[in-house]
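For reference, target.txt (compact mmCIF, C-alpha atoms):
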# COMPACT_ATOMS: atom_id res chain seq x y z
CA MET A 1 14.61 16.95 -15.85
CA PRO A 2 12.57 19.18 -18.20
CA GLN A 3 10.13 21.38 -16.34
CA SER A 4 6.99 19.57 -17.57
CA TYR A 5 8.07 16.12 -16.35
CA ARG A 6 9.64 17.57 -13.22
CA PHE A 7 6.21 18.87 -12.23
CA ASN A 8 4.77 15.36 -12.68
CA ILE A 9 6.65 14.41 -9.52
CA TYR A 10 4.99 17.16 -7.49
CA TYR A 11 1.53 16.35 -8.85
CA LEU A 12 2.06 12.72 -7.84
CA TYR A 13 3.08 13.93 -4.39
CA LEU A 14 -0.24 15.77 -4.16
CA ILE A 15 -2.21 12.72 -5.32
CA LYS A 16 -0.46 10.61 -2.68
CA LEU A 17 -1.18 13.24 -0.03
CA SER A 18 -4.90 13.31 -0.88
CA LYS A 19 -5.02 9.52 -0.68
CA TRP A 20 -3.15 9.08 2.60
CA LEU A 21 -4.29 12.11 4.61
CA MET A 22 -7.02 9.98 6.17
CA LEU A 23 -8.78 12.24 8.65
CA ILE A 24 -11.50 9.64 9.19
CA MET A 25 -9.35 6.90 10.73
CA PRO A 26 -9.63 7.99 14.39
CA ILE A 27 -13.43 8.32 14.21
CA VAL A 28 -14.57 5.88 11.53
CA ALA A 29 -16.06 3.34 13.98
CA LEU A 30 -17.71 6.12 15.98
CA PHE A 31 -19.26 7.54 12.80
CA TYR A 32 -20.63 4.12 11.85
CA ASN A 33 -22.09 3.61 15.33
CA GLU A 34 -23.66 7.06 15.25
CA ASN A 35 -25.47 6.01 12.09
CA GLY A 36 -26.77 2.72 13.48
CA LEU A 37 -24.20 0.22 12.17
CA ASN A 38 -23.05 -2.70 14.33
CA ASP A 39 -19.69 -4.51 14.28
CA PHE A 40 -20.80 -7.01 11.65
CA ASP A 41 -21.90 -4.18 9.34
CA ILE A 42 -18.52 -2.49 9.76
CA PHE A 43 -16.51 -5.61 8.92
CA LEU A 44 -18.83 -6.38 6.01
CA LEU A 45 -18.26 -2.92 4.55
CA GLN A 46 -14.49 -3.31 4.77
CA ALA A 47 -14.67 -6.77 3.18
CA ILE A 48 -16.70 -5.38 0.28
CA TYR A 49 -14.21 -2.54 -0.12
CA SER A 50 -11.29 -4.97 -0.31
CA VAL A 51 -13.07 -7.17 -2.83
CA SER A 52 -14.01 -4.17 -5.00
CA VAL A 53 -10.37 -3.07 -5.06
CA ALA A 54 -9.07 -6.57 -5.76
CA ILE A 55 -11.49 -7.30 -8.60
CA MET A 56 -10.66 -4.06 -10.39
CA GLU A 57 -6.88 -4.12 -9.83
CA ILE A 58 -5.83 -5.74 -13.12
CA PRO A 59 -8.56 -4.19 -15.34
CA SER A 60 -7.72 -0.71 -14.03
CA GLY A 61 -3.99 -1.27 -14.40
CA TYR A 62 -4.54 -2.52 -17.93
CA MET A 63 -6.64 0.53 -18.67
CA ALA A 64 -3.71 2.70 -17.58
CA ASP A 65 -1.50 0.85 -20.07
CA VAL A 66 -4.06 1.16 -22.90
CA VAL A 67 -5.59 4.63 -22.57
CA GLY A 68 -2.81 6.24 -20.52
CA ARG A 69 -1.77 6.76 -16.91
CA LYS A 70 -3.09 10.32 -16.81
CA LYS A 71 -6.68 9.48 -17.84
CA THR A 72 -6.76 6.57 -15.39
CA LEU A 73 -5.50 8.74 -12.53
CA ILE A 74 -8.08 11.43 -13.35
CA LEU A 75 -10.87 8.84 -13.21
CA GLY A 76 -9.56 7.38 -9.95
CA SER A 77 -9.31 10.84 -8.39
CA LEU A 78 -12.87 11.73 -9.42
CA MET A 79 -14.24 8.48 -8.00
CA GLY A 80 -12.29 8.94 -4.77
CA THR A 81 -13.82 12.38 -4.30
CA LEU A 82 -17.30 11.09 -5.19
CA GLY A 83 -16.97 8.26 -2.67
CA TYR A 84 -16.40 10.65 0.24
CA LEU A 85 -19.15 12.99 -1.00
CA ILE A 86 -21.55 10.02 -0.89
CA TYR A 87 -20.35 9.25 2.64
CA SER A 88 -20.95 12.86 3.66
CA VAL A 89 -24.66 12.73 2.77
CA SER A 90 -25.38 9.09 3.71
CA HIS A 91 -26.99 7.94 6.95
CA ASP A 92 -27.37 4.17 6.57
CA PHE A 93 -25.65 0.96 5.47
CA THR A 94 -26.85 1.20 1.87
CA GLY A 95 -25.38 4.65 1.37
CA PHE A 96 -22.10 3.63 2.98
CA LEU A 97 -22.01 0.51 0.81
CA VAL A 98 -22.27 2.59 -2.38
CA ALA A 99 -19.55 4.90 -1.01
CA GLU A 100 -17.18 2.01 -0.23
CA ILE A 101 -17.61 0.40 -3.66
CA THR A 102 -16.98 3.79 -5.30
CA LEU A 103 -13.86 4.32 -3.17
CA GLY A 104 -12.64 0.79 -3.87
CA VAL A 105 -12.94 1.11 -7.63
CA GLY A 106 -11.43 4.60 -7.53
CA GLY A 107 -8.52 3.38 -5.45
CA SER A 108 -7.83 0.56 -7.90
CA PHE A 109 -7.56 3.06 -10.77
CA ILE A 110 -4.86 4.96 -8.88
CA SER A 111 -3.03 1.84 -7.67
CA GLY A 112 -0.32 0.92 -10.15
CA ALA A 113 -0.95 3.88 -12.45
CA ASP A 114 0.76 6.30 -10.05
CA SER A 115 3.97 4.26 -9.77
CA ALA A 116 3.94 3.61 -13.53
CA MET A 117 3.54 7.35 -14.18
CA LEU A 118 6.45 8.10 -11.86
CA PHE A 119 8.78 5.57 -13.45
CA ASP A 120 7.85 6.55 -17.02
CA SER A 121 8.39 10.23 -16.22
CA LEU A 122 11.89 9.40 -14.98
CA VAL A 123 12.63 7.14 -17.96
CA ALA A 124 11.66 9.95 -20.34
CA THR A 125 14.55 12.00 -18.98
CA LYS A 126 16.96 9.09 -18.43
CA ARG A 127 16.67 9.31 -14.64
CA GLN A 128 15.08 5.94 -13.94
CA HIS A 129 18.01 5.21 -11.62
CA LYS A 130 16.44 7.84 -9.33
CA TYR A 131 13.17 5.91 -9.05
CA LEU A 132 13.99 4.44 -5.63
CA GLN A 133 14.71 7.91 -4.27
CA PHE A 134 11.43 9.40 -5.52
CA GLU A 135 9.27 6.35 -4.67
CA GLY A 136 10.77 6.45 -1.18
CA ARG A 137 9.87 10.11 -0.82
CA ILE A 138 6.29 9.50 -1.98
CA THR A 139 5.94 6.57 0.44
CA SER A 140 7.36 8.76 3.19
CA LEU A 141 4.93 11.57 2.37
CA GLY A 142 2.04 9.12 2.61
CA ASN A 143 3.07 7.97 6.07
CA PHE A 144 3.68 11.52 7.32
CA ALA A 145 0.22 12.44 6.03
CA GLU A 146 -1.34 9.44 7.79
CA THR A 147 0.33 10.50 11.04
CA ILE A 148 -0.83 14.13 10.83
CA ALA A 149 -4.34 13.04 9.84
CA ALA A 150 -4.76 11.00 13.02
CA VAL A 151 -4.44 14.21 15.03
CA CYS A 152 -6.39 16.53 12.70
CA GLY A 153 -9.34 14.18 12.32
CA GLY A 154 -9.75 13.91 16.07
CA LEU A 155 -9.68 17.69 16.47
CA ILE A 156 -12.30 18.27 13.76
CA ALA A 157 -14.55 15.66 15.35
CA ALA A 158 -14.10 17.17 18.81
CA PHE A 159 -14.89 20.75 17.77
CA LEU A 160 -17.44 20.07 15.01
CA SER A 161 -18.88 16.59 14.31
CA TYR A 162 -18.05 13.18 12.88
CA ARG A 163 -19.79 14.08 9.63
CA SER A 164 -17.64 17.21 9.36
CA VAL A 165 -14.62 14.93 9.21
CA TYR A 166 -16.04 13.16 6.15
CA ILE A 167 -16.86 16.47 4.48
CA SER A 168 -13.27 17.57 5.13
CA GLN A 169 -12.05 14.24 3.74
CA ALA A 170 -13.99 14.86 0.51
CA ILE A 171 -12.28 18.25 0.14
CA ILE A 172 -8.85 16.64 0.63
CA ALA A 173 -9.66 13.87 -1.85
CA ALA A 174 -10.66 16.53 -4.40
CA LEU A 175 -7.08 17.88 -4.39
CA ALA A 176 -6.10 14.87 -6.51
CA VAL A 177 -8.40 15.94 -9.36
CA PRO A 178 -6.54 19.09 -10.50
CA ALA A 179 -3.22 17.38 -9.74
CA SER A 180 -4.05 14.46 -12.06
CA ILE A 181 -5.38 16.81 -14.78
CA LEU A 182 -2.10 18.75 -14.74
CA LEU A 183 0.00 15.60 -15.27
CA LEU A 184 1.76 15.27 -18.61
CA GLU A 185 1.60 11.79 -20.16
CA PRO A 186 5.21 10.64 -20.66
CA PRO A 187 6.24 8.72 -23.79
CA ARG A 188 6.52 4.94 -23.61
CA ASP A 189 8.76 2.53 -25.47
CA SER A 190 5.74 0.88 -27.08
CA LEU A 191 1.95 0.85 -26.95
CA ILE A 192 -0.43 -2.10 -26.84
CA ALA A 193 -1.41 -2.85 -30.44
CA ARG A 194 -4.41 -5.10 -29.77
CA PRO A 195 -5.91 -4.43 -26.35
CA GLY A 196 -8.35 -6.96 -24.93
CA LEU A 197 -8.87 -9.87 -22.53
CA GLN A 198 -6.50 -12.12 -24.48
CA HIS A 199 -3.72 -9.61 -24.09
CA ILE A 200 -4.43 -9.21 -20.36
CA LEU A 201 -4.09 -12.96 -19.93
CA SER A 202 -0.89 -12.85 -21.99
CA VAL A 203 0.58 -10.15 -19.73
CA CYS A 204 -0.33 -12.17 -16.61
CA LYS A 205 1.19 -15.32 -18.11
CA ASN A 206 4.38 -13.49 -19.03
CA THR A 207 4.60 -11.88 -15.56
CA ILE A 208 3.99 -15.07 -13.59
CA LEU A 209 5.40 -17.87 -15.76
CA ILE A 210 7.73 -16.59 -18.46
CA ASN A 211 9.68 -13.58 -17.16
CA LYS A 212 11.48 -15.27 -14.26
CA LYS A 213 13.14 -12.10 -12.97
CA LEU A 214 9.85 -10.22 -12.92
CA SER A 215 7.90 -13.09 -11.36
CA SER A 216 10.49 -13.50 -8.60
CA ALA A 217 10.32 -9.76 -7.82
CA ILE A 218 6.50 -9.91 -7.80
CA PHE A 219 6.58 -12.97 -5.51
CA LEU A 220 8.80 -11.38 -2.89
CA SER A 221 7.05 -8.02 -3.11
CA SER A 222 3.65 -9.68 -2.67
CA VAL A 223 4.73 -11.76 0.34
CA THR A 224 6.25 -8.63 1.89
CA GLY A 225 3.09 -6.62 1.17
CA ILE A 226 0.89 -9.24 2.83
CA THR A 227 3.27 -9.35 5.81
CA THR A 228 3.21 -5.57 6.35
CA LEU A 229 -0.55 -5.21 5.73
CA CYS A 230 -1.43 -7.96 8.22
CA MET A 231 0.90 -6.43 10.80
CA ALA A 232 -1.03 -3.15 10.67
CA TRP A 233 -4.03 -5.04 12.09
CA CYS A 234 -2.13 -7.52 14.26
CA SER A 235 -0.28 -4.74 16.07
CA GLN A 236 -3.57 -3.03 16.97
CA ILE A 237 -5.00 -6.31 18.31
CA TYR A 238 -1.73 -6.93 20.16
CA PHE A 239 -1.91 -3.52 21.88
CA VAL A 240 -5.50 -4.07 23.02
CA ALA A 241 -4.76 -7.63 24.20
CA ASN A 242 -1.98 -6.25 26.38
CA GLY A 243 -4.26 -3.71 28.05
CA PHE A 244 -3.21 -0.61 26.15
CA THR A 245 -5.74 2.23 26.02
CA GLU A 246 -6.27 5.00 23.46
CA VAL A 247 -3.92 7.20 25.48
CA THR A 248 -1.02 4.78 24.94
CA ILE A 249 -1.98 3.37 21.52
CA THR A 250 -2.20 6.77 19.80
CA PRO A 251 1.40 7.91 20.43
CA LEU A 252 2.62 4.39 19.64
CA TRP A 253 0.77 4.36 16.31
CA VAL A 254 1.98 7.86 15.45
CA SER A 255 5.60 7.02 16.23
CA LEU A 256 5.46 3.76 14.25
CA ASN A 257 4.14 5.63 11.21
CA LEU A 258 6.82 8.28 11.64
CA THR A 259 9.43 5.51 11.66
CA VAL A 260 8.18 4.29 8.28
CA ALA A 261 8.05 7.83 6.92
CA ILE A 262 11.59 8.75 7.96
CA ILE A 263 13.18 5.55 6.65
CA ALA A 264 11.17 5.70 3.41
CA ALA A 265 12.37 9.25 2.80
CA PHE A 266 15.95 7.94 2.84
CA ALA A 267 15.30 4.53 1.26
CA SER A 268 18.11 4.81 -1.28
CA TYR A 269 20.53 5.95 1.46
CA ALA A 270 19.42 3.06 3.71
CA MET A 271 20.21 0.63 0.91
CA LYS A 272 23.70 2.08 0.53
CA VAL A 273 24.41 1.95 4.27
CA LEU A 274 23.08 -1.59 4.79
CA GLY A 275 24.14 -2.95 1.42
CA LYS A 276 21.74 -4.67 -0.96
CA LYS A 277 22.45 -8.15 0.35
CA PHE A 278 21.82 -7.36 4.03
CA SER A 279 18.87 -5.03 3.39
CA LEU A 280 17.10 -7.71 1.32
CA LEU A 281 17.95 -10.33 3.95
CA LEU A 282 16.15 -8.19 6.54
CA ILE A 283 13.09 -8.00 4.27
CA VAL A 284 13.05 -11.76 3.74
CA CYS A 285 13.77 -12.90 7.30
CA TYR A 286 13.18 -10.14 9.83
CA LEU A 287 9.70 -9.01 8.75
CA PRO A 288 8.01 -12.42 9.24
CA LEU A 289 10.15 -13.17 12.33
CA THR A 290 8.62 -10.14 14.04
CA TYR A 291 5.30 -12.01 14.28
CA ILE A 292 7.10 -14.74 16.22
CA PHE A 293 8.79 -12.14 18.44
CA LEU A 294 5.41 -10.53 19.26
CA GLY A 295 3.95 -13.91 20.21
CA TRP A 296 6.94 -15.06 22.23
CA LEU A 297 8.76 -12.09 23.83
CA PRO A 298 7.68 -9.92 26.78
CA ILE A 299 5.91 -6.67 25.91
CA ILE A 300 8.87 -4.21 25.99
CA PRO A 301 11.33 -6.15 23.78
CA ALA A 302 8.43 -7.14 21.51
CA ILE A 303 7.53 -3.49 20.90
CA ILE A 304 11.20 -2.67 20.23
CA CYS A 305 11.16 -5.43 17.59
CA LEU A 306 7.99 -3.87 16.18
CA TYR A 307 9.79 -0.54 15.71
CA PHE A 308 12.54 -2.34 13.76
CA PHE A 309 9.80 -4.02 11.70
CA TYR A 310 8.41 -0.62 10.70
CA ALA A 311 11.90 0.66 9.95
CA VAL A 312 12.51 -2.21 7.51
CA ARG A 313 9.03 -1.69 6.06
CA GLY A 314 10.04 1.92 5.35
CA TYR A 315 12.52 0.95 2.65
CA ALA A 316 11.05 -2.44 1.66
CA THR A 317 8.13 -1.12 -0.42
CA PRO A 318 10.08 1.34 -2.62
CA VAL A 319 13.00 -1.11 -3.03
CA LEU A 320 10.79 -4.00 -4.18
CA LYS A 321 8.72 -1.75 -6.46
CA ASP A 322 11.97 -0.61 -8.01
CA LEU A 323 12.93 -4.24 -8.72
CA ILE A 324 9.58 -4.78 -10.44
CA ASN A 325 9.84 -1.61 -12.52
CA GLN A 326 13.38 -2.44 -13.65
CA ASN A 327 12.21 -5.77 -15.05
CA CYS A 328 9.01 -4.91 -16.93
CA GLY A 329 8.28 -2.90 -20.06
CA SER A 330 6.53 0.48 -19.91
CA SER A 331 3.66 -0.72 -22.12
CA THR A 332 2.43 -3.12 -19.41
CA ARG A 333 3.93 -1.58 -16.25
CA ALA A 334 0.65 -0.49 -14.62
CA THR A 335 -0.89 -3.92 -15.26
CA VAL A 336 2.08 -5.66 -13.66
CA LEU A 337 2.00 -3.39 -10.59
CA SER A 338 -1.75 -3.96 -10.29
CA LEU A 339 -1.15 -7.72 -10.41
CA ARG A 340 1.12 -7.31 -7.38
CA SER A 341 -1.62 -5.37 -5.55
CA LEU A 342 -4.18 -8.04 -6.47
CA VAL A 343 -2.05 -10.80 -4.91
CA ILE A 344 -1.57 -8.73 -1.75
CA ARG A 345 -5.30 -8.03 -1.43
CA PHE A 346 -6.37 -11.64 -1.84
CA GLY A 347 -3.50 -12.85 0.36
CA PHE A 348 -4.63 -10.53 3.13
CA ALA A 349 -8.26 -11.60 2.64
CA ILE A 350 -7.21 -15.21 3.32
CA LEU A 351 -4.61 -14.67 6.05
CA GLY A 352 -6.36 -11.92 8.03
CA PRO A 353 -9.48 -13.88 9.03
CA SER A 354 -7.30 -16.96 9.64
CA ILE A 355 -5.28 -15.04 12.23
CA GLY A 356 -8.52 -14.01 13.96
CA LEU A 357 -9.81 -17.59 13.92
CA LEU A 358 -6.58 -18.95 15.41
CA SER A 359 -6.58 -16.23 18.05
CA ASP A 360 -10.18 -17.03 19.08
CA SER A 361 -9.61 -20.81 19.03
CA PHE A 362 -6.23 -20.86 20.79
CA SER A 363 -4.54 -17.58 21.75
CA LEU A 364 -3.14 -14.45 20.13
CA SER A 365 0.40 -15.59 20.88
CA PHE A 366 -0.20 -18.90 19.10
CA ALA A 367 -1.80 -17.09 16.13
CA LEU A 368 1.16 -14.70 15.81
CA ILE A 369 3.80 -17.43 16.05
CA PHE A 370 1.97 -19.69 13.59
CA THR A 371 1.49 -16.78 11.16
CA GLY A 372 5.16 -15.84 11.47
CA ILE A 373 6.25 -19.39 10.60
CA ILE A 374 3.97 -19.51 7.53
CA LEU A 375 5.11 -16.09 6.31
CA LEU A 376 8.76 -16.96 6.95
CA ILE A 377 8.45 -20.10 4.79
CA PHE A 378 6.92 -18.12 1.92
CA ALA A 379 9.45 -15.30 2.33
CA ILE A 380 12.41 -17.73 2.21
CA LEU A 381 10.95 -19.37 -0.88
CA ALA A 382 10.51 -15.95 -2.49
CA GLY A 383 13.99 -14.81 -1.48
CA SER A 384 15.54 -18.03 -2.77
CA ARG A 385 13.78 -17.57 -6.09
CA LEU A 386 15.06 -14.01 -6.30
CA ILE A 387 18.62 -15.22 -5.72
CA SER A 388 18.20 -17.84 -8.45
CA PHE A 389 16.96 -15.48 -11.14
CA MET A 390 18.58 -12.19 -10.08
CA PRO A 391 21.90 -13.18 -8.48
CA GLU A 392 23.48 -9.92 -9.64
CA ILE A 393 21.65 -7.85 -7.01
CA PHE A 394 23.32 -9.90 -4.25
CA ASN A 395 26.81 -9.75 -5.70
CA HIS A 396 27.63 -6.25 -4.50
CA ASN A 397 26.70 -3.93 -1.66
CA SER A 398 26.43 -0.68 -3.52
How would this structure read if it were set down as structure tokens?
Amino acid sequence: MPQSYRFNIYYLYLIKLSKWLMLIMPIVALFYNENGLNDFDIFLLQAIYSVSVAIMEIPSGYMADVVGRKKTLILGSLMGTLGYLIYSVSHDFTGFLVAEITLGVGGSFISGADSAMLFDSLVATKRQHKYLQFEGRITSLGNFAETIAAVCGGLIAAFLSYRSVYISQAIIAALAVPASILLLEPPRDSLIARPGLQHILSVCKNTILINKKLSSAIFLSSVTGITTLCMAWCSQIYFVANGFTEVTITPLWVSLNLTVAIIAAFASYAMKVLGKKFSLLLIVCYLPLTYIFLGWLPIIPAIICLYFFYAVRGYATPVLKDLINQNCGSSTRATVLSLRSLVIRFGFAILGPSIGLLSDSFSLSFALIFTGIILLIFAILAGSRLISFMPEIFNHNS
């Protein structure tokens, strides 16, 4: 790979690191409480953040296709830094609200554009077949960063203050700014001739209704994304419901994230060892079945199943993103990837509160089993559709 595009990979690594090195996660609730927020305020802030990301997903992805991935990533990096700077000087709900909206919009500008930049950089040098390897490494880096951050954030809070953690987070977020500026925009096979709302709708129509291979990849990737995102919250609730304390939850959470990171780093190797057919079968069936296992099995075997869930998650994201990238043109790639993120966000917004409602009305076990059945139905439908329109990926194990 020529030196200029080779460096794109490292700059994208740095952008991913700045996004996932979340020092604030161990102390975020404590910081909110220190500044007078109650539980309702906290959940409301997170809901607004999710909506702000979801609403901007497709417009920001489309912007990346029209004006370029580099400019979109620069804007997202600047807004991400600004969001944490606002947090650092805010002391009430209003200030935090502005910060969350800024972070949400900034995150949406990075979502989709980063994967599109990676794939286009590889295409420019005829190495698109290496996409799975590099996407796996970037996913792995993100999970390693998340694991390290859980420890570092707690130490900063212990020796300094909660606000010092947010100031440190702003500094880390700022690393993405020079990294995005140094990116070199790769060439694309074609550019959008007449950008606008009509073309956005045309891209969405083509992605969902016309391009059957692409829509089937989007469907399965979205169902899988909803499944893994919901599990991040369900597992925490499950630990607390079973009497786990911070002392036991922390090493569990760290080890689960390390499992994802290690498998993601060797995603292409995992696919070769398992074979495409079996590895995709695990994505379709095992991930949703884990919800049923958590609701039905005793604690020890259930947690073992959870580790296998996170192992499959490690290669699932890069593998399914690779399927999407292989079946869409470079001129609309960021928009298509943002459409996937949009579906995941809204799917989580619907399913997440439903799980909480079922748990409060019946029991957590019932909620997990019911959720697992629903997700399994959708996953089987998505997997069946993938087999129908992309049978070639199941015909060999290499």
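For the set A:Ile15, A:Leu103, A:Ala149, A:Ile377, the residue with the smallest atom-to-atom gap to Cys285 (chain A) is A:Ile377, counting only C-alpha atoms.
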Q: Would you work out the distance separating CA of Tyr84 (chain A) from CA of Ile24 (chain A), expressed in Å to one decimal?
A: 10.3 Å
Q. Rounded to one decimal in Å, what is the spacing between CA of Val53 (chain A) and CA of Leu289 (chain A)?
A. 28.7 Å
(Q) For Phe109 (chain A), find every residue with an atom within 9 Å (counting all atoms listed in the file), except residues of its own chain fewer than 3 positions away, and show them as a list in words. (A)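 Near neighbours after the sequence-gap exclusion: Val53, Met56, Glu57, Pro59, Ser60, Gly61, Met63, Ala64, Thr72, Leu73, Ile74, Leu75, Gly76, Ser77, Gly104, Val105, Gly106, Gly112, Ala113 and Asp114 of chain A.
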(Q) Please determine, counting all atoms listed in the file, which residue among A:Leu175, A:Cys204, A:Ala158, A:Ala217 has the shortest atom-to-atom distance to Ser388 (chain A). (A)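 Ranking A:Leu175, A:Cys204, A:Ala158, A:Ala217 by distance to Ser388 (chain A), first place goes to A:Ala217.
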Q. Between A:Lys71, A:Lys19, A:Arg137, A:His91, which has the minimum distance to Pro318 (chain A) (counting all atoms listed in the file)?
A.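 When distances to Pro318 (chain A) are compared using all atoms listed in the file, the smallest one comes from A:Arg137.
Using all atoms listed in the file, the nearest neighbour of Arg340 (chain A) within the list A:Leu282, A:Met117, A:Leu252, A:Leu320 is A:Leu320.
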**Q.** Separation of CA of Val240 (chain A) from CA of Leu258 (chain A), in Å and rounded to one decimal
**A.**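 Those two atoms sit 20.8 Å apart.
With all atoms listed in the file as the basis for measurement, A:Ser365 is the residue among A:Leu97, A:Val66, A:Ser365, A:Val123 that approaches Pro298 (chain A) most closely.
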Q) Nearest to Leu297 (chain A) among A:Val336, A:Leu368, A:Cys152, A:Ile324, with distances taken over only C-alpha atoms: which residue is it? A)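 Among the listed residues, A:Leu368 lies closest to Leu297 (chain A).
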Please determine an axis-aligned box that encloses all atoms of region 174-179 of chain A listed in the file, with 6 Å added on each side, and express its centre and edge lengths in Å to one decimal as AutoDock Vina command-line options.
--center_x -6.9 --center_y 17.0 --center_z -7.4 --size_x 19.4 --size_y 16.2 --size_z 18.1
**Q.** Neighbour list for Tyr13 (chain A) as a list of chain:residue names, cut-off 9 Å, only C-alpha atoms, skip fewer than 4 positions in-chain
**A.**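 After dropping sequence-adjacent residues, the list is A:Asn8, A:Ile9, A:Leu17, A:Ser18, A:Arg137, A:Ile138, A:Leu141, A:Gly142, A:Ala179.
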Q.
Env of Pro186 (chain A): 10 Å cut, atoms = only C-alpha atoms, seq-sep filter 4 positions within chain, self excluded. Answer as a list in words.
A.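 Contacts, with the query itself left out: Ser4, Tyr5, Asn8, Gly68, Arg69, Lys70, Met117, Leu118, Phe119, Asp120, Ser121, Leu122, Val123, Ala124 and Thr125 of chain A.
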Would you mind completing region 85-98 of chain A so that it carries N, CA and C atoms, and writing it out as a compact mmCIF listing (two decimals), keeping the file's coordinate frame?
# COMPACT_ATOMS: atom_id res chain seq x y z
N LEU A 85 -17.95 12.15 -0.92
CA LEU A 85 -19.15 12.99 -1.00
C LEU A 85 -20.39 12.16 -0.67
N ILE A 86 -20.42 10.92 -1.19
CA ILE A 86 -21.55 10.02 -0.89
C ILE A 86 -21.59 9.72 0.61
N TYR A 87 -20.42 9.47 1.20
CA TYR A 87 -20.35 9.25 2.64
C TYR A 87 -20.91 10.45 3.42
N SER A 88 -20.58 11.64 2.94
CA SER A 88 -20.95 12.86 3.66
C SER A 88 -22.45 13.07 3.75
N VAL A 89 -23.20 12.52 2.78
CA VAL A 89 -24.66 12.73 2.77
C VAL A 89 -25.43 11.45 3.09
N SER A 90 -24.72 10.37 3.43
CA SER A 90 -25.38 9.09 3.71
C SER A 90 -25.58 8.91 5.21
N HIS A 91 -26.65 8.15 5.54
CA HIS A 91 -26.99 7.94 6.95
C HIS A 91 -27.31 6.48 7.26
N ASP A 92 -27.06 5.57 6.31
CA ASP A 92 -27.37 4.17 6.57
C ASP A 92 -26.40 3.25 5.82
N PHE A 93 -26.56 1.95 6.05
CA PHE A 93 -25.65 0.96 5.47
C PHE A 93 -25.62 1.02 3.95
N THR A 94 -26.78 1.18 3.34
CA THR A 94 -26.85 1.20 1.87
C THR A 94 -26.02 2.33 1.28
N GLY A 95 -26.15 3.51 1.85
CA GLY A 95 -25.38 4.65 1.37
C GLY A 95 -23.90 4.44 1.55
N PHE A 96 -23.52 3.89 2.71
CA PHE A 96 -22.10 3.63 2.98
C PHE A 96 -21.56 2.54 2.05
N LEU A 97 -22.42 1.57 1.72
CA LEU A 97 -22.01 0.51 0.81
C LEU A 97 -21.67 1.08 -0.57
N VAL A 98 -22.53 1.95 -1.08
CA VAL A 98 -22.27 2.59 -2.38
C VAL A 98 -20.97 3.40 -2.31
